[in-house]
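J.: One structure is given below, represented as structure tokens, and several questions about it will come after.
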Amino acid sequence: MTPIAYVIAGSEATGGAGIQADLRTFQQLGTYGVGTITCIVSFDPAAGWGHRFVPIAAPVIADQIEAATAAHEPDVVKIGMLGTPETIATVAEQLRARTWRHVVVDPVLICKGQEPGAALDTDNALRKEILPLATVVTPNLFEACTLAGMDSIESVEDLTEAARRIADLGPAVVIVKGGVGLGGDEAVDVVFDGTETSILRSPKVGDERVSGAGCVFAASTTAELAKGAEVVDAVHTAKQFTHSGIVGRIASNAPFDAVLPR
């Protein structure tokens, strides 16, 4: 039977991130991708490629989840961009209505295109309603600082402390990604499973962020879990897969490159 990898996330119009990157990753890793769209993110090329954000109505999101889970009965799901407290409440309710083997959360915070007050409400709702349902959460440096209540993360020790603090919010396994934001020549990630900490390292590929790296990392973790891998093995595969995608990045007329595993 073909493994089912399910994602609930936003659409990103350039194709480099969001549900487009997730479904492409699922396909490349040998799973059947199923997706529910929570919001639409595009950009304004005439205004410095600023973000444009349009949420999908909560009943429409619920309808999509109902159809997807009835048709395929997935037991592993990735949660990506949700975008509003109403969306978060809807998705949390749907998650609680089923038994999941794994819920992988890429905790997208401060939704670009929102006013600061609305963004803070979204962040707080995500922390309160989604993180306790997660078995795996994959924050980047900014997200980890926010979730852990830390002013900065500047070392592997800080990554480890952030992972431990975030685990206290509910997730079973926390992967804090250093990426290009942490000093040194390596992209360092810390994996904390509630008891033990392990360190993942790969050479940095340039100093610029690449669109979709976080999406691809969480999606490849999800795909491997759907295929039956243990969490630590899934994360190791995701690290390698994402690194290859950063090396093989694709350029466009947008002012950012996108991950493209080859």
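Identifiers for the structure tokens are assigned positionally: chains receive A, B, ... in sequence, residues are indexed from 1 per chain, and ligands are indexed from 1 in the order shown.
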Applying 10 Å and only C-alpha atoms, which residues near Glu208 of chain A remain after dropping the ones on its own chain fewer than 5 positions away? List them as a short mmCIF file (atom, residue, chain, number, x, y, z; two decimals) with N, CA, C and O atoms, in the first residue's frame.

T.:
data_model
loop_
_atom_site.label_atom_id
_atom_site.label_comp_id
_atom_site.auth_asym_id
_atom_site.auth_seq_id
_atom_site.Cartn_x
_atom_site.Cartn_y
_atom_site.Cartn_z
N GLY A 179 20.32 26.78 10.94
CA GLY A 179 20.36 27.34 9.60
C GLY A 179 21.51 28.31 9.40
O GLY A 179 22.57 28.19 10.02
N VAL A 180 21.29 29.30 8.53
CA VAL A 180 22.35 30.28 8.26
C VAL A 180 22.42 31.34 9.35
O VAL A 180 23.36 32.13 9.38
N GLY A 181 21.45 31.36 10.25
CA GLY A 181 21.40 32.40 11.28
C GLY A 181 22.35 32.18 12.43
O GLY A 181 22.64 33.10 13.20
N PHE A 256 14.51 35.91 -4.34
CA PHE A 256 14.94 34.84 -3.45
C PHE A 256 14.97 33.54 -4.24
O PHE A 256 14.18 33.33 -5.17
N ASP A 257 15.91 32.67 -3.91
CA ASP A 257 15.98 31.34 -4.51
C ASP A 257 15.07 30.41 -3.71
O ASP A 257 14.68 30.69 -2.57
#

J.: Leaving out Ala234 of chain A and any residue of its chain fewer than 2 positions from it, which residues lie within 12 Å of it when counting only C-alpha atoms, given as a PyMOL selection string?

T.: chain A and resi 29+102+104+136+173+175+191+217-232+236-241

J.: For N, CA, C and O atoms, I'd like the residues from the last selection saved as a CSV table (one decimal), in the first residue's frame.

T.:
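selection34.csv, written as the output of this step:
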chain,number,residue,atom,x,y,z
A,29,LEU,N,9.7,11.7,-2.3
A,29,LEU,CA,10.1,10.7,-1.3
A,29,LEU,C,9.2,9.4,-1.3
A,29,LEU,O,9.2,8.7,-0.3
A,102,HIS,N,1.5,10.6,14.1
A,102,HIS,CA,2.4,11.7,14.2
A,102,HIS,C,1.7,13.0,13.7
A,102,HIS,O,1.0,13.0,12.6
A,104,VAL,N,3.3,16.6,12.7
A,104,VAL,CA,4.5,17.3,12.5
A,104,VAL,C,4.1,18.8,12.3
A,104,VAL,O,3.4,19.1,11.4
A,136,VAL,N,6.0,16.2,16.7
A,136,VAL,CA,7.3,16.7,16.3
A,136,VAL,C,7.1,18.2,15.9
A,136,VAL,O,6.1,18.5,15.2
A,173,VAL,N,9.0,15.6,20.4
A,173,VAL,CA,10.3,15.8,19.8
A,173,VAL,C,10.4,17.2,19.3
A,173,VAL,O,9.5,17.7,18.5
A,175,ILE,N,12.9,19.9,17.1
A,175,ILE,CA,14.1,20.1,16.3
A,175,ILE,C,14.3,21.6,16.1
A,175,ILE,O,13.4,22.2,15.4
A,191,VAL,N,18.2,18.1,18.1
A,191,VAL,CA,17.0,17.3,18.2
A,191,VAL,C,16.9,16.9,19.7
A,191,VAL,O,17.8,16.3,20.2
A,217,PHE,N,12.0,20.6,5.0
A,217,PHE,CA,12.5,19.9,6.1
A,217,PHE,C,11.3,19.2,6.9
A,217,PHE,O,11.3,18.0,7.1
A,218,ALA,N,10.3,19.9,7.2
A,218,ALA,CA,9.1,19.3,7.9
A,218,ALA,C,8.4,18.3,7.0
A,218,ALA,O,7.9,17.3,7.5
A,219,ALA,N,8.2,18.6,5.7
A,219,ALA,CA,7.5,17.7,4.8
A,219,ALA,C,8.3,16.4,4.6
A,219,ALA,O,7.7,15.4,4.5
A,220,SER,N,9.6,16.5,4.5
A,220,SER,CA,10.4,15.3,4.3
A,220,SER,C,10.4,14.4,5.6
A,220,SER,O,10.3,13.2,5.5
A,221,THR,N,10.4,15.1,6.7
A,221,THR,CA,10.2,14.4,8.0
A,221,THR,C,8.8,13.7,8.0
A,221,THR,O,8.7,12.5,8.4
A,222,THR,N,7.8,14.4,7.6
A,222,THR,CA,6.4,13.8,7.5
A,222,THR,C,6.4,12.6,6.6
A,222,THR,O,5.8,11.5,6.9
A,223,ALA,N,7.0,12.7,5.4
A,223,ALA,CA,7.0,11.6,4.4
A,223,ALA,C,7.6,10.4,5.0
A,223,ALA,O,7.1,9.3,4.8
A,224,GLU,N,8.8,10.6,5.6
A,224,GLU,CA,9.5,9.4,6.2
A,224,GLU,C,8.7,8.8,7.3
A,224,GLU,O,8.7,7.5,7.4
A,225,LEU,N,8.1,9.6,8.1
A,225,LEU,CA,7.2,9.0,9.2
A,225,LEU,C,6.0,8.3,8.6
A,225,LEU,O,5.7,7.2,9.1
A,226,ALA,N,5.5,8.8,7.5
A,226,ALA,CA,4.4,8.1,6.9
A,226,ALA,C,4.8,6.7,6.3
A,226,ALA,O,4.0,5.8,6.3
A,227,LYS,N,6.1,6.6,6.0
A,227,LYS,CA,6.6,5.3,5.5
A,227,LYS,C,7.0,4.4,6.6
A,227,LYS,O,7.4,3.3,6.3
A,228,GLY,N,6.9,4.9,7.8
A,228,GLY,CA,7.1,4.0,9.0
A,228,GLY,C,8.5,4.2,9.7
A,228,GLY,O,8.8,3.4,10.6
A,229,ALA,N,9.2,5.2,9.3
A,229,ALA,CA,10.5,5.5,9.9
A,229,ALA,C,10.3,5.9,11.4
A,229,ALA,O,9.3,6.5,11.7
A,230,GLU,N,11.3,5.7,12.2
A,230,GLU,CA,11.3,6.3,13.5
A,230,GLU,C,11.7,7.8,13.4
A,230,GLU,O,12.3,8.2,12.4
A,231,VAL,N,11.3,8.5,14.4
A,231,VAL,CA,11.4,10.0,14.3
A,231,VAL,C,12.9,10.4,14.1
A,231,VAL,O,13.2,11.2,13.2
A,232,VAL,N,13.8,9.9,14.8
A,232,VAL,CA,15.2,10.3,14.7
A,232,VAL,C,15.7,10.0,13.3
A,232,VAL,O,16.4,10.8,12.6
A,236,HIS,N,17.0,12.7,10.3
A,236,HIS,CA,18.3,12.6,9.6
A,236,HIS,C,18.1,12.6,8.1
A,236,HIS,O,18.8,13.3,7.4
A,237,THR,N,17.1,11.8,7.6
A,237,THR,CA,16.8,11.9,6.2
A,237,THR,C,16.4,13.3,5.7
A,237,THR,O,16.8,13.7,4.7
A,238,ALA,N,15.5,13.9,6.5
A,238,ALA,CA,15.0,15.2,6.2
A,238,ALA,C,16.2,16.2,6.1
A,238,ALA,O,16.2,17.1,5.2
A,239,LYS,N,17.1,16.1,7.0
A,239,LYS,CA,18.3,17.0,7.0
A,239,LYS,C,19.1,16.9,5.7
A,239,LYS,O,19.4,17.9,5.0
A,240,GLN,N,19.3,15.6,5.3
A,240,GLN,CA,20.1,15.4,4.1
A,240,GLN,C,19.3,15.8,2.8
A,240,GLN,O,19.9,16.4,1.9
A,241,PHE,N,18.0,15.5,2.8
A,241,PHE,CA,17.1,15.9,1.7
A,241,PHE,C,17.1,17.4,1.5
A,241,PHE,O,17.2,17.9,0.4

J.: Report as a tab-separated table (two decimals) with C-alpha atoms, in the first residue's frame: the residues of segment 47-231 of chain A with a DSSP assignment of helix (DSSP H, G or I), based on the backbone of this structure.

T.:
chain	number	residue	atom	x	y	z
A	47	ALA	CA	6.01	46.76	-4.36
A	58	ALA	CA	-12.85	28.20	8.31
A	59	PRO	CA	-15.83	26.09	7.07
A	60	VAL	CA	-14.03	25.54	3.76
A	61	ILE	CA	-10.93	24.34	5.62
A	62	ALA	CA	-13.06	21.99	7.72
A	63	ASP	CA	-14.72	20.64	4.56
A	64	GLN	CA	-11.33	19.93	2.99
A	65	ILE	CA	-10.10	18.10	6.08
A	66	GLU	CA	-13.31	16.07	6.25
A	67	ALA	CA	-12.95	14.94	2.63
A	68	ALA	CA	-9.22	14.23	2.82
A	69	THR	CA	-9.39	12.18	6.00
A	70	ALA	CA	-12.49	10.27	4.94
A	71	ALA	CA	-10.97	9.33	1.59
A	72	HIS	CA	-7.50	8.33	2.76
A	85	PRO	CA	-6.74	32.31	15.20
A	86	GLU	CA	-9.98	31.15	13.55
A	87	THR	CA	-8.06	28.82	11.24
A	88	ILE	CA	-6.00	27.53	14.14
A	89	ALA	CA	-9.13	26.77	16.17
A	90	THR	CA	-10.67	24.93	13.21
A	91	VAL	CA	-7.58	22.84	12.52
A	92	ALA	CA	-7.07	22.04	16.22
A	93	GLU	CA	-10.66	20.84	16.50
A	94	GLN	CA	-10.22	18.61	13.46
A	95	LEU	CA	-6.93	17.21	14.75
A	96	ARG	CA	-8.47	16.34	18.11
A	116	PRO	CA	1.20	43.15	14.27
A	117	GLY	CA	-1.74	42.73	16.67
A	118	ALA	CA	-3.38	40.07	14.51
A	119	ALA	CA	-0.03	38.33	14.09
A	120	LEU	CA	0.49	38.18	17.87
A	121	ASP	CA	-2.98	36.71	18.35
A	122	THR	CA	-2.11	34.07	15.76
A	123	ASP	CA	1.19	33.24	17.47
A	124	ASN	CA	-0.49	32.87	20.86
A	125	ALA	CA	-3.24	30.66	19.43
A	126	LEU	CA	-0.69	28.41	17.73
A	127	ARG	CA	1.24	28.03	20.97
A	128	LYS	CA	-1.89	27.24	22.97
A	129	GLU	CA	-3.91	25.05	20.60
A	130	ILE	CA	-1.54	23.38	18.12
A	131	LEU	CA	1.77	22.74	19.90
A	132	PRO	CA	0.25	20.49	22.59
A	133	LEU	CA	-1.05	18.23	19.78
A	141	LEU	CA	15.82	30.39	15.08
A	142	PHE	CA	13.22	33.16	15.15
A	143	GLU	CA	10.38	30.77	15.94
A	144	ALA	CA	12.43	29.01	18.60
A	145	CYS	CA	13.31	32.30	20.31
A	146	THR	CA	9.64	33.28	20.37
A	147	LEU	CA	8.32	29.92	21.57
A	148	ALA	CA	11.08	29.46	24.16
A	156	VAL	CA	24.53	25.10	20.18
A	157	GLU	CA	23.94	25.34	23.91
A	158	ASP	CA	21.27	27.96	23.26
A	159	LEU	CA	19.67	25.71	20.64
A	160	THR	CA	19.54	22.94	23.22
A	161	GLU	CA	18.00	25.17	25.88
A	162	ALA	CA	15.38	26.40	23.43
A	163	ALA	CA	14.49	22.83	22.45
A	164	ARG	CA	14.03	21.85	26.10
A	165	ARG	CA	11.81	24.86	26.80
A	166	ILE	CA	9.65	24.20	23.73
A	167	ALA	CA	9.27	20.55	24.72
A	179	GLY	CA	20.36	27.34	9.60
A	180	VAL	CA	22.35	30.28	8.26
A	181	GLY	CA	21.40	32.40	11.28
A	213	ALA	CA	13.79	25.15	3.39
A	214	GLY	CA	11.66	24.91	6.53
A	215	CYS	CA	8.69	23.57	4.59
A	216	VAL	CA	10.79	20.91	2.88
A	217	PHE	CA	12.46	19.86	6.14
A	218	ALA	CA	9.12	19.32	7.90
A	219	ALA	CA	7.52	17.75	4.81
A	220	SER	CA	10.36	15.27	4.31
A	221	THR	CA	10.17	14.36	8.00
A	222	THR	CA	6.45	13.79	7.51
A	223	ALA	CA	6.95	11.63	4.43
A	224	GLU	CA	9.50	9.43	6.17
A	225	LEU	CA	7.22	9.02	9.20
A	226	ALA	CA	4.36	8.08	6.87
A	231	VAL	CA	11.45	9.99	14.33

J.: Near Tyr6 of chain A, within 7 Å and counting only C-alpha atoms, which residues show up once chain neighbours fewer than 5 positions away are dropped, as a list in words?

T.: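 Near Tyr6 of chain A, the qualifying residues are Gly33, Val34, Gly35, Pro74, Val76, Val77 and Lys78 of chain A.
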
J.: Output C-alpha atoms for every residue in the selection just made, as an mmCIF file, in the first residue's frame.

T.:
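Resulting contents of out_5.cif:
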data_model
loop_
_atom_site.group_PDB
_atom_site.id
_atom_site.type_symbol
_atom_site.label_atom_id
_atom_site.label_comp_id
_atom_site.auth_asym_id
_atom_site.auth_seq_id
_atom_site.Cartn_x
_atom_site.Cartn_y
_atom_site.Cartn_z
ATOM 1 C CA GLY A 33 0.535 13.600 -1.060
ATOM 2 C CA VAL A 34 -2.821 14.944 0.079
ATOM 3 C CA GLY A 35 -3.244 18.610 0.958
ATOM 4 C CA PRO A 74 -4.025 9.372 7.017
ATOM 5 C CA VAL A 76 0.598 11.289 9.788
ATOM 6 C CA VAL A 77 0.029 14.974 9.075
ATOM 7 C CA LYS A 78 2.187 18.047 8.652
#

J.: Write out as a list in words all residues of segment 159-244 of chain A that DSSP puts in strand (DSSP E) for this structure's backbone.

T.: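 Listing strand (DSSP E) positions across segment 159-244 of chain A yields Val173, Val174, Ile175, Val176, Lys177, Glu186, Ala187, Val188, Asp189, Val190, Val191, Phe192, Thr197, Ser198, Ile199, Leu200, Arg201, Ser202 and Pro203 of chain A.
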
J.: To one decimal in Å, tell me the separation between atom CA of Arg101 of chain A and atom CA of Asp75 of chain A.

T.: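 Computing it gives 5.3 Å between the two atoms.
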
J.: Using atom CA of Val7 of chain A and atom CA of Ser244 of chain A as the two end points, give the distance in Å to one decimal.

T.: 21.8 Å

J.: What's the separation between atom CA of Ser202 of chain A and atom CA of Val188 of chain A, in Å to one decimal place?

T.: 6.8 Å

J.: Using only C-alpha atoms for the distances, tell me which of A:Ala17, A:Thr25, A:Gly149, A:Glu154 is nearest to Val210 of chain A.

T.: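 Smallest separation from Val210 of chain A among the options: A:Ala17.
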
J.: Smallest atom-to-atom distance to Gly194 of chain A: which of A:Gly10, A:Gly178, A:Gly170, A:Pro139, using only C-alpha atoms?

T.: A:Gly170

J.: Got a sec: who's within 9 Å of Trp49 of chain A, counting only C-alpha atoms, leaving out chain neighbours fewer than 6 positions off, as number ranges by chain?

T.: A: 42-43, 254-255

J.: I'd like the contact shell of Ile246 of chain A - 8 Å cut-off, only C-alpha atoms, skipping same-chain residues fewer than 5 positions apart - returned as number ranges by chain.

T.: A: 205, 210, 213, 258-261

J.: Generate the output file for the selected residues, N, CA and C atoms, as a JSON list (two decimals), in the first residue's frame.

T.:
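Contents of the output file out-v9.json:
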[["chain", "number", "residue", "atom", "x", "y", "z"],
["A", 205, "VAL", "N", 25.50, 26.34, 2.88],
["A", 205, "VAL", "CA", 25.56, 26.59, 1.44],
["A", 205, "VAL", "C", 25.24, 28.06, 1.24],
["A", 210, "VAL", "N", 17.05, 30.42, 1.96],
["A", 210, "VAL", "CA", 16.46, 29.90, 0.74],
["A", 210, "VAL", "C", 14.99, 29.59, 1.00],
["A", 213, "ALA", "N", 12.94, 26.11, 2.68],
["A", 213, "ALA", "CA", 13.79, 25.15, 3.39],
["A", 213, "ALA", "C", 13.06, 24.56, 4.60],
["A", 258, "ALA", "N", 14.75, 29.26, -4.31],
["A", 258, "ALA", "CA", 13.89, 28.28, -3.65],
["A", 258, "ALA", "C", 14.57, 26.92, -3.62],
["A", 259, "VAL", "N", 14.26, 26.16, -2.60],
["A", 259, "VAL", "CA", 14.81, 24.81, -2.46],
["A", 259, "VAL", "C", 14.34, 23.93, -3.61],
["A", 260, "LEU", "N", 15.27, 23.13, -4.16],
["A", 260, "LEU", "CA", 14.92, 22.19, -5.21],
["A", 260, "LEU", "C", 15.78, 20.94, -5.07],
["A", 261, "PRO", "N", 15.32, 19.94, -4.30],
["A", 261, "PRO", "CA", 16.08, 18.69, -4.18],
["A", 261, "PRO", "C", 16.20, 18.02, -5.55]]
